[in-house]
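Let me begin by presenting the structure, written as structure tokens, before commenting on it.
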Amino acid sequence: MTAAVSVVVPVYNVEGYLERCLASVRAQTLEDIEVIAVNDGSTDGSREVLARCAEADPRIRIVDKENGGLSSARNAGIRAATAPIVCFLDSDDLLEPNACERIARAFDEGGPRTDVVTFGAHCLPAEAGYPWLVEHLSPRDAVYDPFEPALLFEEMSRPFAWRTACRTDFLREGGLFFDEGLRFGEDQVFHFAVYPRARRTVLLSDKLYDYEVAREGSLMAVVASDPVRKMEEHVPIMGAIFDDWAAAGLLDAYGTQLVGEYVDFALQGILDLPADDRERLHRPAAAVLTGHLGDEALAALELPAATRAIVEAFVADEAIGDDRAQRLRRAFYRRRITPKRVLRRLLGR
């Protein structure tokens with residue numbers, strides 16, 4: 001008998017967290033689930049933990065593979081899933097007891113057109129949460145049918161693929177797998193791929209996931225602590241999104257929004273780097289734009305003046321000096337300072 005929900009758990013050298021993680025899945029109020037534990041070439045005791053848990057609960061199915069990274073493990077789980085709904089659980093995190101039941105009900109209530117359901121999450125431990133993270137893990141209840149840019153650019157709908165469940169056939173038939181060529185940021189690319197293609201997306205305010213915020217040594221922690229490394233990763237993330245949107249014809253319809261996101265996510269951050277790093281990243285960052293948008297297409301975008309000034313600085317041939325870089329960045333941030341943002345900052349939200 002086919003399960004109602006497949007929970008994909010990528011596993012790589014997390015023996016200290018894994019049993020707790022799997023216990024949260026085994027305790028689900030919806031019993032009709034399968035757990036696809038993808039052992040991504042672990043070299044610690046993770047495989048033994050998986051074997052012990054699978055022996056205790058036949059709903060746990062182990063998929064062994066050579067190490068290929070998080071995206072590769074998730075893709076293996078998608079391909080192995082037998083349930084009509086697939087969701088993701090990182091092996092150092094937890095599911096709330098009613099998570100699978102609520103996800104399945106959301107797909108049922110949304111009807112057969114529902115391809116994607118995105119929900120909220122708690123920070124674990126709670127005191128490790130900070131305003132940006134808590135806000136982005138707190139979506140409102142909403143339905144998008146069809147897609148609108150606000151889903152990606154205004155809602156608290158990303159990043160973190162583990163808070164997004166999908167109809168399994170939607171992913172497999174659409175070839176919507178995680179980008180195995182990226183070392184970091186595959187969740188962003190995934191959301192930019194699935195949301196525009198989904199017939200109906202449901203956002204849930206329910207917090208169904210417990211996210212381990214500060215696991216020591218995690219790639220996210222390492223990248224977040226290094227501004228240069230962060231921008232080195234952000235440029236290829238956006239490059240992958242531009243490639244996908246151009247191939248799907250989405251860039252023609254939503255180029256203004258995507259270029260604005262690129263400036264916010266990467267270009268303005270590059271401006272704040274030391275001169276040598278800024279110049280080293282200048283050309284690759286500009287190529288993301290010029291590789292898909294010619295002069296006429298860029299000129300036609302309806303961008304705020306401060307955003308357009310940054311775009312023009314990057315696509316120009318000359319280097320961006322320190323003084324100009326800071327002027328551009330200050331102008332960009334002045335545009336973003338609104339009464340609502342100031343109030344939220346004062347309230348610590």
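Scheme for the structure tokens: letters A, B, ... for chains in order shown; per-chain residue numbers from 1; ligand numbers from 1 in order shown.
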
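For Trp162 of chain A, the residues within 7 Å (counting only C-alpha atoms, excluding itself and residues fewer than 2 positions away along the chain) are Cys87, Phe88, Leu89, Asp90, Phe160 and Thr164 of chain A.
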
Dump N, CA and C atoms for the selected residues as a PDB file, in the first residue's frame?
```pdb
ATOM      1  N   CYS A  87       8.254  15.500   1.142  1.00  0.00           N
ATOM      2  CA  CYS A  87       8.787  16.633   1.905  1.00  0.00           C
ATOM      3  C   CYS A  87      10.184  16.273   2.374  1.00  0.00           C
ATOM      4  N   PHE A  88      10.880  17.244   2.943  1.00  0.00           N
ATOM      5  CA  PHE A  88      12.298  17.082   3.264  1.00  0.00           C
ATOM      6  C   PHE A  88      12.541  17.402   4.735  1.00  0.00           C
ATOM      7  N   LEU A  89      13.442  16.628   5.324  1.00  0.00           N
ATOM      8  CA  LEU A  89      13.833  16.844   6.718  1.00  0.00           C
ATOM      9  C   LEU A  89      15.339  16.710   6.819  1.00  0.00           C
ATOM     10  N   ASP A  90      16.023  17.794   7.178  1.00  0.00           N
ATOM     11  CA  ASP A  90      17.465  17.707   7.382  1.00  0.00           C
ATOM     12  C   ASP A  90      17.738  16.919   8.653  1.00  0.00           C
ATOM     13  N   PHE A 160      15.195  27.790   2.358  1.00  0.00           N
ATOM     14  CA  PHE A 160      15.006  26.563   3.126  1.00  0.00           C
ATOM     15  C   PHE A 160      13.977  25.622   2.484  1.00  0.00           C
ATOM     16  N   THR A 164       9.148  23.207   2.465  1.00  0.00           N
ATOM     17  CA  THR A 164       8.300  23.136   1.273  1.00  0.00           C
ATOM     18  C   THR A 164       8.080  21.682   0.870  1.00  0.00           C
TER      19      THR A 164
END
```

### Query
Residues of segment 149-206 of chain A in strand (DSSP E or B) according to DSSP, as number ranges by chain?
A: 164-167, 200-206

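Among the candidates A:Glu180, A:Asp108, A:Leu301, A:Val86, the residue lying nearest to Ala253 of chain A is A:Leu301 (atoms considered: only C-alpha atoms).
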
#### Entry: Residues near Gly111 of chain A, cut-off 12 Å, only C-alpha atoms, skip fewer than 2 positions along chain, as a ChimeraX atom specification
/A:104-109,113-117,143,145,167,199-202

### Message
Residues near Tyr211 of chain A, anyone? I mean within 7 Å using only C-alpha atoms, not counting same-chain ones fewer than 5 positions away, as a list in words.
### Response
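My reading of the contact set: Asp93, Leu94, Ala121, His122, Cys123 and Leu124 of chain A.
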
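Remark: for Leu208 of chain A, the closest of the candidate residues A:His292, A:Arg172, A:His282, A:Arg102 is A:Arg102 (distances computed over only C-alpha atoms).
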
### Pick from A:Asp264, A:Glu312, A:Glu302, A:Asp206, whichever lies nearest to Arg163 of chain A using only C-alpha atoms
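Nearest candidate to Arg163 of chain A out of A:Asp264, A:Glu312, A:Glu302, A:Asp206: A:Asp206.
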
Polymer residues at most 10 Å from segment 236-251 of chain A, only C-alpha atoms, same-chain spacing of 5 or more positions, as a compact mmCIF listing (two decimals) with all heavy atoms, in the first residue's frame:
```txt
# COMPACT_ATOMS: atom_id res chain seq x y z
N ASP A 179 19.86 21.42 -7.79
CA ASP A 179 21.03 21.64 -8.63
C ASP A 179 22.27 21.07 -7.93
O ASP A 179 22.75 21.63 -6.94
CB ASP A 179 21.20 23.15 -8.88
CG ASP A 179 22.27 23.46 -9.91
OD1 ASP A 179 23.21 22.66 -10.06
OD2 ASP A 179 22.19 24.53 -10.55
N GLY A 181 25.21 20.99 -8.99
CA GLY A 181 26.44 21.72 -9.32
C GLY A 181 26.74 22.85 -8.36
O GLY A 181 27.83 23.44 -8.42
N LEU A 182 25.80 23.17 -7.48
CA LEU A 182 26.00 24.26 -6.53
C LEU A 182 26.50 23.72 -5.20
O LEU A 182 25.99 22.72 -4.70
CB LEU A 182 24.69 25.02 -6.30
CG LEU A 182 24.19 25.92 -7.42
CD1 LEU A 182 22.83 26.48 -7.07
CD2 LEU A 182 25.17 27.05 -7.71
N ARG A 183 27.47 24.40 -4.62
CA ARG A 183 27.96 23.99 -3.31
C ARG A 183 27.08 24.54 -2.19
O ARG A 183 27.09 24.03 -1.07
CB ARG A 183 29.39 24.51 -3.11
CG ARG A 183 30.41 23.99 -4.11
CD ARG A 183 31.74 24.69 -3.95
NE ARG A 183 31.63 26.13 -4.18
CZ ARG A 183 32.62 26.99 -4.02
NH1 ARG A 183 33.79 26.56 -3.58
NH2 ARG A 183 32.45 28.27 -4.27
N PHE A 184 26.35 25.59 -2.50
CA PHE A 184 25.60 26.32 -1.47
C PHE A 184 24.44 27.03 -2.15
O PHE A 184 24.53 27.43 -3.29
CB PHE A 184 26.54 27.34 -0.81
CG PHE A 184 25.92 28.17 0.28
CD1 PHE A 184 25.73 27.64 1.54
CD2 PHE A 184 25.52 29.48 0.04
CE1 PHE A 184 25.15 28.40 2.54
CE2 PHE A 184 24.95 30.24 1.02
CZ PHE A 184 24.76 29.70 2.29
N GLY A 185 23.32 27.18 -1.45
CA GLY A 185 22.21 27.96 -1.97
C GLY A 185 21.27 27.21 -2.88
O GLY A 185 20.45 27.83 -3.57
N GLU A 186 21.34 25.88 -2.87
CA GLU A 186 20.46 25.10 -3.74
C GLU A 186 18.99 25.29 -3.37
O GLU A 186 18.11 25.15 -4.23
CB GLU A 186 20.83 23.61 -3.69
CG GLU A 186 20.61 22.92 -2.35
CD GLU A 186 21.63 23.27 -1.28
OE1 GLU A 186 22.76 23.67 -1.65
OE2 GLU A 186 21.31 23.15 -0.10
N ASP A 187 18.71 25.63 -2.12
CA ASP A 187 17.32 25.86 -1.71
C ASP A 187 16.72 27.06 -2.41
O ASP A 187 15.55 27.05 -2.80
CB ASP A 187 17.24 26.07 -0.19
CG ASP A 187 17.49 24.79 0.59
OD1 ASP A 187 17.99 23.81 -0.01
OD2 ASP A 187 17.19 24.74 1.78
N GLN A 188 17.51 28.12 -2.58
CA GLN A 188 17.03 29.30 -3.30
C GLN A 188 16.69 28.94 -4.73
O GLN A 188 15.62 29.30 -5.25
CB GLN A 188 18.11 30.40 -3.29
CG GLN A 188 18.31 31.09 -1.95
CD GLN A 188 17.31 32.22 -1.73
OE1 GLN A 188 16.25 32.26 -2.34
NE2 GLN A 188 17.65 33.14 -0.84
N VAL A 189 17.58 28.24 -5.38
CA VAL A 189 17.37 27.87 -6.79
C VAL A 189 16.13 26.98 -6.92
O VAL A 189 15.33 27.13 -7.85
CB VAL A 189 18.62 27.17 -7.35
CG1 VAL A 189 18.39 26.75 -8.80
CG2 VAL A 189 19.84 28.09 -7.26
N PHE A 190 15.96 26.08 -5.97
CA PHE A 190 14.81 25.19 -5.98
C PHE A 190 13.50 25.97 -5.89
O PHE A 190 12.57 25.74 -6.68
CB PHE A 190 14.92 24.21 -4.80
CG PHE A 190 13.77 23.24 -4.67
CD1 PHE A 190 13.69 22.15 -5.52
CD2 PHE A 190 12.80 23.40 -3.69
CE1 PHE A 190 12.65 21.23 -5.40
CE2 PHE A 190 11.76 22.50 -3.56
CZ PHE A 190 11.69 21.42 -4.42
N HIS A 191 13.41 26.92 -4.98
CA HIS A 191 12.18 27.69 -4.85
C HIS A 191 11.91 28.55 -6.08
O HIS A 191 10.76 28.68 -6.52
CB HIS A 191 12.24 28.58 -3.61
CG HIS A 191 11.87 27.85 -2.35
ND1 HIS A 191 12.62 27.92 -1.20
CD2 HIS A 191 10.83 27.03 -2.06
CE1 HIS A 191 12.05 27.18 -0.27
NE2 HIS A 191 10.96 26.63 -0.76
N PHE A 192 12.95 29.12 -6.66
CA PHE A 192 12.75 29.92 -7.87
C PHE A 192 12.33 29.04 -9.05
O PHE A 192 11.74 29.54 -10.01
CB PHE A 192 14.03 30.68 -8.22
CG PHE A 192 14.13 32.02 -7.54
CD1 PHE A 192 14.70 32.14 -6.27
CD2 PHE A 192 13.65 33.17 -8.14
CE1 PHE A 192 14.79 33.36 -5.63
CE2 PHE A 192 13.74 34.41 -7.52
CZ PHE A 192 14.30 34.51 -6.25
N ALA A 193 12.61 27.75 -8.98
CA ALA A 193 12.17 26.84 -10.04
C ALA A 193 10.75 26.35 -9.83
O ALA A 193 9.95 26.31 -10.77
CB ALA A 193 13.13 25.65 -10.12
N PRO A 196 7.20 29.30 -9.77
CA PRO A 196 6.59 29.79 -11.01
C PRO A 196 5.92 28.69 -11.84
O PRO A 196 5.06 28.97 -12.67
CB PRO A 196 7.77 30.40 -11.77
CG PRO A 196 8.82 30.64 -10.76
CD PRO A 196 8.64 29.54 -9.76
N ARG A 197 6.34 27.44 -11.63
CA ARG A 197 5.79 26.34 -12.43
C ARG A 197 4.59 25.67 -11.77
O ARG A 197 3.88 24.90 -12.42
CB ARG A 197 6.89 25.32 -12.69
CG ARG A 197 8.02 25.83 -13.61
CD ARG A 197 9.15 24.82 -13.65
NE ARG A 197 10.12 25.09 -14.70
CZ ARG A 197 11.18 25.87 -14.54
NH1 ARG A 197 11.40 26.48 -13.38
NH2 ARG A 197 12.03 26.06 -15.54
N MET A 231 29.49 36.32 -0.84
CA MET A 231 29.24 36.86 -2.18
C MET A 231 29.76 35.93 -3.27
O MET A 231 29.18 35.83 -4.35
CB MET A 231 29.87 38.25 -2.32
CG MET A 231 29.21 39.32 -1.46
SD MET A 231 27.43 39.48 -1.80
CE MET A 231 26.71 38.72 -0.33
N THR A 256 12.32 42.39 -14.31
CA THR A 256 12.49 43.52 -13.38
C THR A 256 12.62 43.01 -11.96
O THR A 256 13.51 43.44 -11.20
CB THR A 256 11.30 44.49 -13.49
OG1 THR A 256 11.33 45.12 -14.78
CG2 THR A 256 11.36 45.56 -12.41
N GLN A 257 11.75 42.10 -11.57
CA GLN A 257 11.77 41.59 -10.20
C GLN A 257 13.04 40.79 -9.93
O GLN A 257 13.65 40.91 -8.86
CB GLN A 257 10.55 40.72 -9.94
CG GLN A 257 9.24 41.48 -9.90
CD GLN A 257 8.58 41.57 -11.28
OE1 GLN A 257 9.23 41.39 -12.32
NE2 GLN A 257 7.29 41.84 -11.29
N LEU A 258 13.47 39.99 -10.91
CA LEU A 258 14.65 39.16 -10.68
C LEU A 258 15.92 39.99 -10.62
O LEU A 258 16.79 39.74 -9.78
CB LEU A 258 14.77 38.09 -11.76
CG LEU A 258 15.84 37.02 -11.48
CD1 LEU A 258 15.56 36.30 -10.17
CD2 LEU A 258 15.94 36.03 -12.63
N VAL A 259 16.03 40.99 -11.47
CA VAL A 259 17.21 41.86 -11.41
C VAL A 259 17.24 42.62 -10.08
O VAL A 259 18.30 42.78 -9.46
CB VAL A 259 17.24 42.82 -12.61
CG1 VAL A 259 18.33 43.88 -12.44
CG2 VAL A 259 17.48 42.04 -13.91
N GLU A 261 16.07 41.57 -7.27
CA GLU A 261 16.50 40.58 -6.28
C GLU A 261 18.00 40.35 -6.35
O GLU A 261 18.67 40.20 -5.33
CB GLU A 261 15.75 39.27 -6.51
CG GLU A 261 16.19 38.12 -5.62
CD GLU A 261 15.81 38.31 -4.16
OE1 GLU A 261 14.96 39.18 -3.86
OE2 GLU A 261 16.39 37.60 -3.31
N TYR A 262 18.54 40.33 -7.56
CA TYR A 262 19.98 40.12 -7.74
C TYR A 262 20.78 41.24 -7.10
O TYR A 262 21.79 41.01 -6.41
CB TYR A 262 20.30 40.01 -9.23
CG TYR A 262 21.73 39.66 -9.57
CD1 TYR A 262 22.49 38.84 -8.75
CD2 TYR A 262 22.32 40.14 -10.74
CE1 TYR A 262 23.80 38.51 -9.08
CE2 TYR A 262 23.62 39.81 -11.08
CZ TYR A 262 24.35 39.00 -10.24
OH TYR A 262 25.65 38.67 -10.55
N PHE A 265 20.48 40.70 -3.32
CA PHE A 265 21.07 39.46 -2.82
C PHE A 265 22.58 39.41 -3.01
O PHE A 265 23.29 38.76 -2.23
CB PHE A 265 20.41 38.29 -3.55
CG PHE A 265 20.77 36.93 -3.04
CD1 PHE A 265 20.41 36.52 -1.77
CD2 PHE A 265 21.47 36.03 -3.84
CE1 PHE A 265 20.73 35.25 -1.30
CE2 PHE A 265 21.79 34.76 -3.38
CZ PHE A 265 21.41 34.37 -2.11
N ALA A 266 23.11 40.09 -4.03
CA ALA A 266 24.53 39.94 -4.34
C ALA A 266 25.25 41.25 -4.67
O ALA A 266 26.27 41.57 -4.07
CB ALA A 266 24.71 38.95 -5.50
N PRO A 284 32.45 38.39 -13.12
CA PRO A 284 31.50 37.27 -13.05
C PRO A 284 30.09 37.71 -12.67
O PRO A 284 29.11 37.15 -13.18
CB PRO A 284 32.11 36.37 -11.95
CG PRO A 284 33.54 36.74 -11.90
CD PRO A 284 33.63 38.18 -12.26
N ALA A 285 29.99 38.70 -11.79
CA ALA A 285 28.67 39.19 -11.39
C ALA A 285 27.97 39.88 -12.54
O ALA A 285 26.76 39.71 -12.75
CB ALA A 285 28.81 40.14 -10.20
N ALA A 287 28.43 39.26 -15.68
CA ALA A 287 28.12 38.28 -16.72
C ALA A 287 26.77 37.62 -16.50
O ALA A 287 26.12 37.19 -17.46
CB ALA A 287 29.22 37.23 -16.78
N VAL A 288 26.32 37.53 -15.24
CA VAL A 288 24.99 36.99 -14.97
C VAL A 288 23.93 37.84 -15.66
O VAL A 288 22.96 37.33 -16.22
CB VAL A 288 24.74 36.93 -13.45
CG1 VAL A 288 23.29 36.54 -13.15
CG2 VAL A 288 25.71 35.93 -12.79
N LEU A 289 24.13 39.15 -15.65
CA LEU A 289 23.19 40.06 -16.31
C LEU A 289 23.37 40.08 -17.81
O LEU A 289 22.43 39.87 -18.58
CB LEU A 289 23.36 41.48 -15.75
CG LEU A 289 23.00 41.70 -14.28
CD1 LEU A 289 23.47 43.08 -13.82
CD2 LEU A 289 21.49 41.57 -14.08
N GLY A 291 24.79 38.10 -19.78
CA GLY A 291 24.61 36.83 -20.47
C GLY A 291 23.17 36.56 -20.85
O GLY A 291 22.90 35.70 -21.70
N HIS A 292 22.23 37.30 -20.25
CA HIS A 292 20.82 37.06 -20.50
C HIS A 292 20.05 38.30 -20.94
O HIS A 292 18.98 38.18 -21.54
CB HIS A 292 20.15 36.50 -19.25
CG HIS A 292 20.70 35.19 -18.80
ND1 HIS A 292 20.57 34.03 -19.53
CD2 HIS A 292 21.42 34.86 -17.69
CE1 HIS A 292 21.17 33.04 -18.89
NE2 HIS A 292 21.70 33.51 -17.78
N LEU A 293 20.57 39.46 -20.64
CA LEU A 293 19.85 40.71 -20.94
C LEU A 293 20.78 41.66 -21.68
O LEU A 293 21.83 42.05 -21.15
CB LEU A 293 19.37 41.37 -19.63
CG LEU A 293 18.36 40.56 -18.80
CD1 LEU A 293 18.23 41.15 -17.40
CD2 LEU A 293 17.00 40.54 -19.49
```

#### Entry: Nearest to His234 of chain A by atom-to-atom distance, counting only C-alpha atoms, from A:Ile270, A:Ala313, A:Asp210, A:Leu203
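Nearest candidate to His234 of chain A out of A:Ile270, A:Ala313, A:Asp210, A:Leu203: A:Ile270.
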
### Task
Check segment 133-342 of chain A with DSSP on the backbone and list each residue it calls alpha helix (DSSP H), as an MDAnalysis selection string.
chainID A and resid 133:136 150:153 168:174 186:197 219:224 227:248 250:262 268:271 275:290 295:300 305:315 322:336 339:342

### Query
Skipping near chain neighbours, those fewer than 3 positions away, what residues fall within 8 Å of Leu50 of chain A using only C-alpha atoms, listed as number ranges by chain?
A: 18-19, 37, 46-47, 53-54, 62

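Distance annotation: of A:Thr168, A:Gly129, A:Gly120, A:Val194, the residue with the minimal separation from Leu151 of chain A is A:Val194; atom set is only C-alpha atoms.
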
### Query
What is the distance, in Å and to one decimal place, between atom CA of Glu148 of chain A and atom CA of His136 of chain A?
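Taking atom CA of Glu148 of chain A as the start and atom CA of His136 of chain A as the end point, the length is 18.5 Å.
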
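With distances restricted to only C-alpha atoms, A:Leu171 is the closest residue to Ile78 of chain A from A:Leu171, A:Val134, A:Leu298, A:Leu22.
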